[in-house]
file run-v9.txt (compact mmCIF, C-alpha atoms)
# COMPACT_ATOMS: atom_id res chain seq x y z
CA MET R 476 21.55 81.99 -115.04
CA ASP R 477 21.30 81.47 -118.81
CA SER R 478 23.61 78.45 -118.51
CA ILE R 479 21.44 76.69 -115.90
CA SER R 480 18.55 74.58 -117.14
CA PHE R 481 15.04 75.19 -115.86
CA GLY R 482 15.03 71.71 -114.32
CA VAL R 483 18.15 72.50 -112.31
CA MET R 484 16.66 75.84 -111.23
CA ALA R 485 13.57 74.03 -109.96
CA ALA R 486 15.74 71.44 -108.22
CA LEU R 487 17.74 74.16 -106.45
CA ILE R 488 14.50 75.75 -105.24
CA GLY R 489 13.35 72.33 -104.01
CA LEU R 490 16.70 71.77 -102.33
CA VAL R 491 16.51 75.03 -100.38
CA ALA R 492 12.88 74.48 -99.38
CA GLY R 493 13.63 70.88 -98.41
CA VAL R 494 16.65 71.81 -96.28
CA VAL R 495 14.60 74.39 -94.39
CA LEU R 496 11.71 71.96 -93.87
CA GLY R 497 14.09 69.22 -92.74
CA LEU R 498 15.65 71.60 -90.20
CA SER R 499 12.18 72.60 -89.00
CA ALA R 500 11.30 68.97 -88.37
CA ARG R 501 14.54 68.17 -86.57
CA LEU R 502 14.87 71.36 -84.53
CA GLY R 503 11.22 72.39 -84.20
CA ASN R 504 9.52 69.00 -83.70
CA PHE R 505 7.31 69.44 -86.77
CA CYS R 506 5.90 65.94 -87.33
CA THR R 507 2.50 64.54 -88.30
CA LEU R 508 2.40 61.27 -86.37
CA GLY R 509 4.26 62.73 -83.41
CA ALA R 510 1.71 65.55 -83.17
CA LEU R 511 -1.17 63.06 -83.02
CA GLU R 512 0.57 60.74 -80.57
CA THR R 513 1.53 63.41 -78.06
CA ALA R 514 -1.89 65.12 -78.28
CA VAL R 515 -4.01 61.99 -77.87
CA TYR R 516 -1.82 59.79 -75.68
CA GLY R 517 0.60 62.26 -74.10
CA GLY R 518 -1.76 65.07 -73.14
CA ASP R 519 0.45 67.65 -74.87
CA GLN R 520 -1.00 69.54 -77.85
CA ARG R 521 2.02 71.72 -78.63
CA ARG R 522 3.07 69.77 -81.72
CA LEU R 523 -0.52 69.53 -82.93
CA ARG R 524 -1.18 73.25 -82.45
CA LEU R 525 2.10 73.99 -84.20
CA TRP R 526 0.32 72.91 -87.37
CA GLY R 527 -1.91 75.96 -86.96
CA ILE R 528 1.13 78.23 -87.26
CA VAL R 529 2.56 76.32 -90.23
CA LEU R 530 -0.76 76.43 -92.08
CA ALA R 531 -1.50 80.06 -91.19
CA VAL R 532 1.87 81.20 -92.54
CA SER R 533 1.69 79.04 -95.67
CA ILE R 534 -1.90 80.02 -96.57
CA SER R 535 -1.37 83.75 -96.04
CA GLY R 536 1.98 83.67 -97.83
CA VAL R 537 0.66 81.75 -100.84
CA TYR R 538 -2.38 83.98 -101.28
CA LEU R 539 -0.42 87.19 -100.79
CA GLY R 540 1.96 85.87 -103.44
CA ALA R 541 -0.98 85.15 -105.73
CA ALA R 542 -2.41 88.64 -105.19
CA THR R 543 0.92 90.19 -106.21
CA GLY R 544 1.41 87.89 -109.19
CA HIS R 545 4.24 85.83 -107.70
CA VAL R 546 2.39 82.55 -107.06
CA GLU R 547 0.35 80.72 -109.72
CA ILE R 548 -2.18 78.81 -107.62
CA ALA R 549 -4.27 77.80 -110.64
CA GLN R 550 -1.24 76.03 -112.18
CA THR R 551 -0.80 73.59 -109.27
CA PHE R 552 -2.19 70.13 -109.95
CA TYR R 553 -4.27 70.48 -106.77
CA HIS R 554 -6.36 72.96 -108.76
CA GLN R 555 -5.90 71.58 -112.27
CA ILE R 556 -7.23 68.12 -111.42
CA ALA R 557 -10.91 67.96 -110.44
CA TRP R 558 -11.24 67.06 -106.78
CA ASN R 559 -12.34 63.46 -106.15
CA PRO R 560 -13.60 63.29 -102.53
CA TRP R 561 -13.43 59.48 -102.46
CA ALA R 562 -9.78 59.56 -103.45
CA SER R 563 -9.04 62.00 -100.62
CA VAL R 564 -10.89 59.91 -98.04
CA VAL R 565 -9.77 56.42 -99.09
CA GLY R 566 -6.22 57.47 -99.91
CA GLY R 567 -5.96 59.47 -96.71
CA LEU R 568 -7.20 56.60 -94.54
CA LEU R 569 -4.76 54.16 -96.16
CA PHE R 570 -1.88 56.59 -95.79
CA GLY R 571 -2.72 57.38 -92.17
CA TYR R 572 -3.05 53.74 -91.15
CA GLY R 573 0.21 52.93 -92.91
CA MET R 574 1.85 55.89 -91.19
CA ALA R 575 0.94 54.43 -87.80
CA LEU R 576 2.31 51.00 -88.74
CA ALA R 577 5.53 52.45 -90.15
CA GLY R 578 5.99 54.83 -87.22
CA ASN R 579 6.39 57.81 -89.56
CA CYS R 580 5.03 59.42 -92.70
CA GLY R 581 7.23 59.65 -95.79
CA PHE R 582 8.51 63.08 -94.78
CA GLY R 583 9.15 61.91 -91.22
CA ALA R 584 11.03 58.86 -92.52
CA LEU R 585 13.29 61.09 -94.62
CA VAL R 586 13.95 63.24 -91.54
CA ARG R 587 14.76 60.25 -89.35
CA PHE R 588 17.00 58.73 -92.02
CA GLY R 589 18.86 62.04 -92.03
CA GLY R 590 19.41 61.40 -88.32
CA GLY R 591 20.93 57.95 -88.92
CA ASP R 592 17.86 55.71 -88.62
CA LEU R 593 18.38 52.92 -91.16
CA ARG R 594 14.87 51.56 -90.51
CA SER R 595 13.54 54.73 -92.06
CA LEU R 596 15.58 54.09 -95.20
CA VAL R 597 13.60 50.88 -95.65
CA VAL R 598 10.35 52.81 -95.19
CA VAL R 599 11.42 55.46 -97.72
CA VAL R 600 12.45 52.93 -100.39
CA VAL R 601 9.37 50.72 -100.00
CA MET R 602 7.00 53.68 -100.02
CA GLY R 603 8.64 55.19 -103.10
CA VAL R 604 8.63 51.93 -105.06
CA VAL R 605 5.06 50.96 -104.14
CA GLY R 606 3.97 54.52 -104.88
CA PHE R 607 5.26 54.19 -108.43
CA ILE R 608 3.71 50.74 -108.78
CA THR R 609 0.40 52.46 -108.01
CA LEU R 610 1.10 55.56 -110.08
CA SER R 611 2.31 54.04 -113.33
CA GLY R 612 2.95 50.35 -112.71
CA PRO R 613 0.75 47.23 -112.44
CA LEU R 614 -1.70 48.84 -109.99
CA ALA R 615 -2.20 51.95 -112.14
CA PRO R 616 -5.15 50.60 -114.22
CA LEU R 617 -7.03 49.62 -111.05
CA ARG R 618 -6.32 52.99 -109.46
CA VAL R 619 -7.56 54.86 -112.52
CA ALA R 620 -10.68 52.68 -112.72
CA LEU R 621 -11.56 53.22 -109.06
CA PHE R 622 -10.44 56.83 -108.68
CA GLU R 623 -10.86 58.62 -111.97
CA GLN R 624 -8.89 61.83 -112.47
CA ARG R 625 -10.45 64.52 -114.64
CA THR R 626 -9.32 67.99 -115.58
CA ALA R 627 -10.96 70.67 -113.47
CA GLN R 628 -13.53 72.79 -115.25
CA GLY R 629 -12.81 76.29 -114.02
CA PRO R 630 -11.58 77.56 -110.64
CA GLN R 631 -12.01 75.28 -107.65
CA GLY R 632 -11.05 75.31 -103.99
CA ILE R 633 -12.33 76.81 -100.78
CA ALA R 634 -11.52 80.44 -101.53
CA ALA R 635 -12.84 80.20 -105.10
CA THR R 636 -16.09 78.64 -103.86
CA ILE R 637 -16.59 81.37 -101.25
CA GLU R 638 -15.93 84.01 -103.90
CA ALA R 639 -18.45 82.43 -106.28
CA ILE R 640 -21.17 82.17 -103.60
CA ALA R 641 -20.64 85.31 -101.50
CA GLY R 642 -18.45 87.51 -103.68
CA VAL R 643 -15.69 87.67 -101.04
CA PRO R 644 -12.25 88.13 -102.64
CA GLN R 645 -10.09 85.05 -102.36
CA LEU R 646 -7.30 86.89 -100.53
CA VAL R 647 -9.75 88.01 -97.85
CA SER R 648 -11.07 84.48 -97.33
CA ALA R 649 -7.53 83.11 -97.16
CA LEU R 650 -6.41 85.68 -94.57
CA VAL R 651 -9.49 85.03 -92.43
CA ILE R 652 -8.87 81.27 -92.50
CA ALA R 653 -5.19 81.81 -91.73
CA ALA R 654 -6.07 84.10 -88.80
CA GLY R 655 -8.43 81.46 -87.42
CA LEU R 656 -5.74 78.80 -87.57
CA LEU R 657 -3.21 81.13 -85.92
CA ILE R 658 -5.64 81.97 -83.11
CA TRP R 659 -6.31 78.26 -82.57
CA ALA R 660 -2.57 77.60 -82.33
CA LEU R 661 -1.76 80.47 -79.99
CA ALA R 662 -4.75 79.80 -77.73
CA TYR R 663 -2.75 76.91 -76.27
CA GLY R 664 -0.58 78.27 -73.46
CA PRO R 665 2.22 75.67 -73.55
CA LEU R 666 2.87 76.48 -77.22
CA ARG R 667 3.00 80.21 -76.49
CA ARG R 668 5.65 79.42 -73.90
CA ALA R 669 7.75 77.57 -76.49
CA PRO R 670 9.08 80.40 -78.71
CA SER R 671 11.63 78.16 -80.41
CA GLU R 672 8.94 75.76 -81.64
CA MET R 673 6.77 78.65 -82.81
CA ALA R 674 9.71 80.13 -84.70
CA TRP R 675 10.40 76.85 -86.48
CA GLY R 676 6.69 76.57 -87.33
CA LEU R 677 6.98 79.99 -88.97
CA VAL R 678 10.07 78.82 -90.86
CA ALA R 679 8.32 75.63 -92.05
CA GLY R 680 5.40 77.68 -93.38
CA LEU R 681 7.80 80.01 -95.20
CA ALA R 682 9.48 76.99 -96.81
CA VAL R 683 6.12 76.01 -98.33
CA VAL R 684 5.58 79.56 -99.59
CA PHE R 685 9.11 79.69 -101.03
CA ALA R 686 8.52 76.44 -102.93
CA TYR R 687 5.42 77.86 -104.62
CA TRP R 688 7.01 81.25 -105.23
CA GLY R 689 10.13 79.69 -106.74
CA THR R 690 8.42 77.17 -109.00
CA SER R 691 5.92 79.83 -110.12
CA TRP R 692 8.87 81.98 -111.18
CA VAL R 693 10.44 79.07 -113.09
CA TRP R 694 7.05 78.31 -114.67
CA GLN R 695 6.83 81.88 -115.92
CA GLU R 696 10.42 82.00 -117.13
CA SER R 697 10.16 78.63 -118.89
CA PHE R 698 6.77 79.46 -120.46
CA GLY R 699 5.18 76.49 -118.72
CA GLU R 700 7.97 73.99 -119.39
CA VAL R 701 8.39 73.42 -115.62
CA GLY R 702 5.28 73.07 -113.48
CA VAL R 703 4.29 74.85 -110.28
CA GLU R 704 4.88 72.45 -107.39
CA GLY R 705 4.58 72.29 -103.64
CA LEU R 706 6.48 70.11 -101.19
CA SER R 707 5.24 66.50 -101.13
CA PHE R 708 6.85 63.17 -100.31
CA THR R 709 5.18 60.13 -101.85
CA ALA R 710 5.57 60.02 -105.65
CA PRO R 711 8.50 62.48 -105.41
CA VAL R 712 10.40 59.89 -103.36
CA GLY R 713 9.91 57.39 -106.18
CA ARG R 714 11.04 59.97 -108.74
CA THR R 715 14.16 60.63 -106.70
CA ILE R 716 14.99 56.91 -106.48
CA LEU R 717 14.61 56.58 -110.25
CA PHE R 718 16.76 59.64 -110.88
CA LEU R 719 19.53 58.43 -108.56
CA MET R 720 19.55 55.05 -110.31
CA THR R 721 19.38 56.27 -113.89
CA ALA R 722 20.11 60.04 -113.92
CA THR R 723 17.26 60.25 -116.43
CA ALA R 724 13.67 59.13 -115.67
CA GLY R 725 12.35 62.69 -115.85
CA GLY R 726 15.72 64.27 -115.12
CA ILE R 727 16.65 66.61 -112.32
CA ASN R 728 13.59 68.47 -111.04
CA PHE R 729 11.96 70.10 -108.04
CA SER R 730 10.97 66.75 -106.47
CA VAL R 731 14.53 65.43 -106.48
CA GLY R 732 15.86 68.62 -104.94
CA ALA R 733 13.18 68.67 -102.24
CA VAL R 734 13.68 65.04 -101.17
CA LEU R 735 17.46 65.37 -101.01
CA GLY R 736 17.08 68.72 -99.27
CA VAL R 737 14.95 67.29 -96.46
CA MET R 738 17.53 64.60 -95.75
CA ALA R 739 20.34 67.17 -95.83
CA GLY R 740 18.45 69.53 -93.53
CA ALA R 741 17.63 66.73 -91.11
CA LEU R 742 21.27 65.62 -91.11
CA ALA R 743 22.42 69.16 -90.38
CA GLY R 744 19.88 69.52 -87.59
CA SER R 745 20.84 66.18 -86.06
CA LEU R 746 24.54 67.05 -86.06
CA TRP R 747 23.80 70.51 -84.67
CA ARG R 748 21.91 69.06 -81.71
CA GLY R 749 24.25 66.12 -81.29
CA MET R 750 21.41 63.71 -82.03
CA PHE R 751 22.89 61.81 -84.98
CA ARG R 752 23.31 58.10 -84.30
CA TRP R 753 23.02 54.98 -86.37
CA GLU R 754 19.98 52.86 -85.58
CA ALA R 755 18.81 49.54 -87.00
CA CYS R 756 15.85 47.25 -86.51
CA GLU R 757 16.42 44.40 -84.07
CA ASP R 758 12.89 42.98 -84.16
CA PRO R 759 11.83 41.24 -87.42
CA ARG R 760 8.16 41.79 -86.54
CA GLU R 761 8.77 45.51 -86.21
CA LEU R 762 10.49 45.62 -89.60
CA GLY R 763 7.63 43.66 -91.18
CA ARG R 764 5.11 46.10 -89.75
CA GLN R 765 7.10 49.06 -91.04
CA VAL R 766 7.38 47.56 -94.53
CA GLY R 767 3.63 46.94 -94.61
CA GLY R 768 2.96 50.46 -93.40
CA ALA R 769 5.28 51.93 -96.01
CA ALA R 770 3.48 50.01 -98.75
CA LEU R 771 0.11 51.35 -97.56
CA MET R 772 1.51 54.87 -97.55
CA GLY R 773 2.76 54.42 -101.11
CA VAL R 774 -0.68 53.31 -102.31
CA GLY R 775 -2.63 55.83 -100.23
CA GLY R 776 -0.40 58.77 -101.03
CA VAL R 777 -0.75 58.25 -104.78
CA ILE R 778 -4.53 57.76 -104.58
CA ALA R 779 -4.93 60.92 -102.49
CA LEU R 780 -2.46 62.84 -104.71
CA GLY R 781 -0.26 63.63 -101.76
CA CYS R 782 0.91 62.77 -98.27
CA SER R 783 0.47 64.45 -94.90
CA VAL R 784 2.75 67.26 -96.11
CA GLY R 785 1.72 67.21 -99.79
CA GLN R 786 -2.00 67.42 -99.10
CA GLY R 787 -1.98 68.40 -95.43
CA VAL R 788 0.24 71.45 -95.92
CA SER R 789 0.99 72.18 -99.60
CA ALA R 790 -2.54 71.57 -100.92
CA PHE R 791 -4.04 73.14 -97.79
CA ALA R 792 -1.88 76.22 -98.42
CA THR R 793 -3.63 76.70 -101.78
CA LEU R 794 -7.01 76.08 -100.05
CA ALA R 795 -7.74 73.15 -102.33
CA TRP R 796 -10.67 71.16 -100.96
CA SER R 797 -8.50 68.04 -100.98
CA GLY R 798 -6.11 69.52 -98.39
CA PRO R 799 -8.20 69.59 -95.20
CA VAL R 800 -10.27 66.55 -96.20
CA THR R 801 -7.21 64.39 -96.87
CA LEU R 802 -5.50 65.65 -93.71
CA ALA R 803 -8.56 64.72 -91.64
CA ALA R 804 -8.65 61.26 -93.26
CA ILE R 805 -4.93 60.76 -92.60
CA ALA R 806 -5.43 61.69 -88.95
CA ALA R 807 -8.37 59.29 -88.63
CA GLY R 808 -6.42 56.45 -90.25
CA ALA R 809 -3.39 57.12 -88.05
CA LEU R 810 -5.44 57.16 -84.86
CA ALA R 811 -7.08 53.87 -85.85
CA GLY R 812 -3.67 52.37 -86.49
CA LEU R 813 -2.24 53.63 -83.20
CA ARG R 814 -5.25 52.29 -81.32
CA GLY R 815 -4.74 48.89 -82.91
CA LEU R 816 -1.03 48.83 -82.10
CA ILE R 817 -1.63 49.84 -78.48
CA GLY R 818 -4.36 47.20 -78.12
CA ALA R 819 -2.09 44.51 -79.56
CA ALA R 820 0.73 45.54 -77.21
CA GLU R 821 -1.57 45.42 -74.20
CA ALA R 822 -2.84 41.96 -75.23
CA GLU R 823 0.72 40.65 -75.24
call {"tool": "encode", "arguments": {"input": "run-v9.txt", "output": "structure tokens"}}
result
Amino acid sequence: MDSISFGVMAALIGLVAGVVLGLSARLGNFCTLGALETAVYGGDQRRLRLWGIVLAVSISGVYLGAATGHVEIAQTFYHQIAWNPWASVVGGLLFGYGMALAGNCGFGALVRFGGGDLRSLVVVVVMGVVGFITLSGPLAPLRVALFEQRTAQGPQGIAATIEAIAGVPQLVSALVIAAGLLIWALAYGPLRRAPSEMAWGLVAGLAVVFAYWGTSWVWQESFGEVGVEGLSFTAPVGRTILFLMTATAGGINFSVGAVLGVMAGALAGSLWRGMFRWEACEDPRELGRQVGGAALMGVGGVIALGCSVGQGVSAFATLAWSGPVTLAAIAAGALAGLRGLIGAAEAE
């Protein structure tokens, strides 16, 4: 272990977590846009309720890890950067609307590319590039001016707020919230009758916990040289593109491992189920819509400091206020986008 750099250690942790999450998406139908589509337009809430299992496992796992000293919640940027509600709402709405146009979120596009969908490669590249244009390129000054980021002054988040107001220990609040989400998920009969999907929801939640546990360990071993990170797929996609092109640009890190891991896991899942097949876009209008959607996701994901997985699962797992608020905004933006697409299709 002494011969392996801390960056490589973090990348290996990201790779393992990404592979597991990619398998969960491909074999367990864990998908943001798909969950909304089937719930609202298909009358089937299984994929939506599956989120309750993923979140329940990730929240309880993260806070149990924190209680035993294995997860450093306070070192995540979700808790180090003061929460900006406007950034969560505006960024979430932009990301969600773009997700509907593109037909997938960034994570979903990585999964589908792992299954042979070349259209998703376009979505991934455009989102990653536009994300970096917004993060540190020409759009960065405007983003900073409109959505200021400040260092948090003391503990923040749902559990910390409850503790400050009512004196309830953070672990207790986290376990109660996790239990509520689990009850909501299991209250839906069709999901209870789908043990395979529930099992993969459990696995996806454990992948999130493993990412925090692993990077917390590296943070401790490196004396803070490597940060504590959760799984996210907007700016990390851009970092991975830069690394693959230059082998520098921040070097090998958790983000690179996680992005490559998701594609590898999705590829393995696709081959396992015999679902791998090459697909391309035959309609120029469809490709144009997907490119526009990917660009909106790049902008929105950076403004909101995360995507549907980054904020909707990883930040939510730490009970940062930004997690549920951004997830709700993403859902609202996606539903608005889907409604517009369906209306346009009916008009034709």
call {"tool": "closest_residue", "arguments": {"input": "run-v9.txt", "among": "R:Gly818, R:Pro630, R:Gly603, R:Gly808", "to": "Pro711 (chain R)", "atoms": "all atoms listed in the file"}}
result
R:Gly603
call {"tool": "closest_atom_pairs", "arguments": {"input": "run-v9.txt", "of": "region 528-575 of chain R", "to": "region 604-625 of chain R", "cutoff": "12 Å", "atoms": "all atoms listed in the file", "output": "tab-separated table"}}
result
residue	atom	partner	partner_atom	distance
R:Phe552	CA	R:Gln624	CA	11.0
R:Tyr553	CA	R:Gln624	CA	11.3
R:His554	CA	R:Arg625	CA	11.1
R:Gln555	CA	R:Arg625	CA	8.7
R:Ile556	CA	R:Arg625	CA	5.8
R:Ala557	CA	R:Arg625	CA	5.4
R:Trp558	CA	R:Gln624	CA	8.1
R:Asn559	CA	R:Phe622	CA	7.3
R:Pro560	CA	R:Phe622	CA	9.5
R:Trp561	CA	R:Phe622	CA	7.4
R:Ala562	CA	R:Phe622	CA	5.9
R:Ser563	CA	R:Phe622	CA	9.7
R:Val564	CA	R:Phe622	CA	11.1
R:Val565	CA	R:Phe622	CA	9.6
R:Gly566	CA	R:Phe622	CA	9.8
R:Phe570	CA	R:Gly606	CA	11.0
call {"tool": "closest_atom_pairs", "arguments": {"input": "run-v9.txt", "of": "region 496-547 of chain R", "to": "region 693-699 of chain R", "cutoff": "12 Å", "atoms": "all atoms listed in the file", "output": "Markdown table"}}
result
| residue | atom | partner | partner_atom | distance |
| --- | --- | --- | --- | --- |
| R:Gly544 | CA | R:Gln695 | CA | 10.5 |
| R:His545 | CA | R:Gln695 | CA | 9.5 |
| R:Val546 | CA | R:Trp694 | CA | 9.9 |
| R:Glu547 | CA | R:Trp694 | CA | 8.7 |
call {"tool": "closest_residue", "arguments": {"input": "run-v9.txt", "among": "R:Leu656, R:Ser648, R:Ser691, R:Pro665", "to": "Gly518 (chain R)", "atoms": "all atoms listed in the file"}}
result
R:Pro665
call {"tool": "closest_residue", "arguments": {"input": "run-v9.txt", "among": "R:Glu754, R:Val766, R:Ala820, R:Ala792", "to": "Gly590 (chain R)", "atoms": "only C-alpha atoms"}}
result
R:Glu754
call {"tool": "atom_distance", "arguments": {"input": "run-v9.txt", "atom1": "CA of Trp747 (chain R)", "atom2": "CA of Gly589 (chain R)"}}
result
12.3 Å
call {"tool": "residues_near_point", "arguments": {"input": "run-v9.txt", "point": "(1.8, 46.7, -80.0)", "cutoff": "12 Å", "atoms": "all atoms listed in the file", "output": "JSON, numbers by chain"}}
result
{"R": [575, 576, 578, 760, 761, 764, 812, 813, 814, 815, 816, 817, 818, 819, 820, 821, 822, 823]}
call {"tool": "closest_residue", "arguments": {"input": "run-v9.txt", "among": "R:Gln786, R:Thr793, R:Gln628, R:Gln520", "to": "Tyr538 (chain R)", "atoms": "only C-alpha atoms"}}
result
R:Thr793
call {"tool": "atom_distance", "arguments": {"input": "run-v9.txt", "atom1": "CA of Gly785 (chain R)", "atom2": "CA of Gly705 (chain R)"}}
result
7.0 Å
call {"tool": "atom_distance", "arguments": {"input": "run-v9.txt", "atom1": "CA of Thr801 (chain R)", "atom2": "CA of Val491 (chain R)"}}
result
26.2 Å
call {"tool": "axis_aligned_box", "arguments": {"input": "run-v9.txt", "around": "region 563-572 of chain R", "padding_each_side": "5 Å", "output": "JSON"}}
result
{"center_x": -6.4, "center_y": 57.9, "center_z": -95.9, "size_x": 19.0, "size_y": 18.3, "size_z": 19.5}
call {"tool": "residues_around", "arguments": {"input": "run-v9.txt", "residues": "region 795-797 of chain R", "least_positions_apart": "4", "cutoff": "6 Å", "atoms": "all atoms listed in the file", "output": "list of chain:residue names"}}
result
R:Gly632, R:Ile633, R:Ala790, R:Phe791, R:Thr801
call {"tool": "closest_residue", "arguments": {"input": "run-v9.txt", "among": "R:Pro670, R:Gly655, R:Gly763, R:Gly787", "to": "Val800 (chain R)", "atoms": "all atoms listed in the file"}}
result
R:Gly787
call {"tool": "closest_residue", "arguments": {"input": "run-v9.txt", "among": "R:Val647, R:Ser595, R:Phe708, R:Val701", "to": "Ile727 (chain R)", "atoms": "only C-alpha atoms"}}
result
R:Val701
call {"tool": "residues_around", "arguments": {"input": "run-v9.txt", "residues": "Met673 (chain R)", "least_positions_apart": "6", "cutoff": "12 Å", "atoms": "all atoms listed in the file", "output": "list in words"}}
result
Ser499, Leu502, Gly503, Asn504, Phe505, Arg521, Arg522, Leu523, Arg524, Leu525, Trp526, Gly527, Ile528, Val529, Ala531, Val532, Leu657, Ala660, Leu661, Tyr663, Gly664, Pro665, Leu666, Arg667, Ala679 and Gly680 of chain R
call {"tool": "residues_around", "arguments": {"input": "run-v9.txt", "residues": "Ile716 (chain R)", "least_positions_apart": "4", "cutoff": "10 Å", "atoms": "only C-alpha atoms", "output": "ChimeraX atom specification"}}
result
/R:599-600,603-604,710-712,720-722,724,731,734
call {"tool": "residues_near_point", "arguments": {"input": "run-v9.txt", "point": "(-1.9, 57.1, -96.6)", "cutoff": "9 Å", "atoms": "only C-alpha atoms", "output": "list of chain:residue names"}}
result
R:Val565, R:Gly566, R:Gly567, R:Leu568, R:Leu569, R:Phe570, R:Gly571, R:Tyr572, R:Gly573, R:Met574, R:Cys580, R:Gly768, R:Ala769, R:Leu771, R:Met772, R:Gly773, R:Val774, R:Gly775, R:Gly776, R:Val777, R:Ile778, R:Ala779, R:Gly781, R:Cys782, R:Ser783, R:Ala804, R:Ile805, R:Gly808, R:Ala809
call {"tool": "write_last_selection", "arguments": {"input": "run-v9.txt", "atoms": "C-alpha atoms", "output": "PDB file, keeping the file's coordinate frame"}}
result
ATOM      1  CA  VAL R 565      -9.770  56.420 -99.090  1.00  0.00           C
ATOM      2  CA  GLY R 566      -6.220  57.470 -99.910  1.00  0.00           C
ATOM      3  CA  GLY R 567      -5.960  59.470 -96.710  1.00  0.00           C
ATOM      4  CA  LEU R 568      -7.200  56.600 -94.540  1.00  0.00           C
ATOM      5  CA  LEU R 569      -4.760  54.160 -96.160  1.00  0.00           C
ATOM      6  CA  PHE R 570      -1.880  56.590 -95.790  1.00  0.00           C
ATOM      7  CA  GLY R 571      -2.720  57.380 -92.170  1.00  0.00           C
ATOM      8  CA  TYR R 572      -3.050  53.740 -91.150  1.00  0.00           C
ATOM      9  CA  GLY R 573       0.210  52.930 -92.910  1.00  0.00           C
ATOM     10  CA  MET R 574       1.850  55.890 -91.190  1.00  0.00           C
ATOM     11  CA  CYS R 580       5.030  59.420 -92.700  1.00  0.00           C
ATOM     12  CA  GLY R 768       2.960  50.460 -93.400  1.00  0.00           C
ATOM     13  CA  ALA R 769       5.280  51.930 -96.010  1.00  0.00           C
ATOM     14  CA  LEU R 771       0.110  51.350 -97.560  1.00  0.00           C
ATOM     15  CA  MET R 772       1.510  54.870 -97.550  1.00  0.00           C
ATOM     16  CA  GLY R 773       2.760  54.420-101.110  1.00  0.00           C
ATOM     17  CA  VAL R 774      -0.680  53.310-102.310  1.00  0.00           C
ATOM     18  CA  GLY R 775      -2.630  55.830-100.230  1.00  0.00           C
ATOM     19  CA  GLY R 776      -0.400  58.770-101.030  1.00  0.00           C
ATOM     20  CA  VAL R 777      -0.750  58.250-104.780  1.00  0.00           C
ATOM     21  CA  ILE R 778      -4.530  57.760-104.580  1.00  0.00           C
ATOM     22  CA  ALA R 779      -4.930  60.920-102.490  1.00  0.00           C
ATOM     23  CA  GLY R 781      -0.260  63.630-101.760  1.00  0.00           C
ATOM     24  CA  CYS R 782       0.910  62.770 -98.270  1.00  0.00           C
ATOM     25  CA  SER R 783       0.470  64.450 -94.900  1.00  0.00           C
ATOM     26  CA  ALA R 804      -8.650  61.260 -93.260  1.00  0.00           C
ATOM     27  CA  ILE R 805      -4.930  60.760 -92.600  1.00  0.00           C
ATOM     28  CA  GLY R 808      -6.420  56.450 -90.250  1.00  0.00           C
ATOM     29  CA  ALA R 809      -3.390  57.120 -88.050  1.00  0.00           C
TER      30      ALA R 809
END
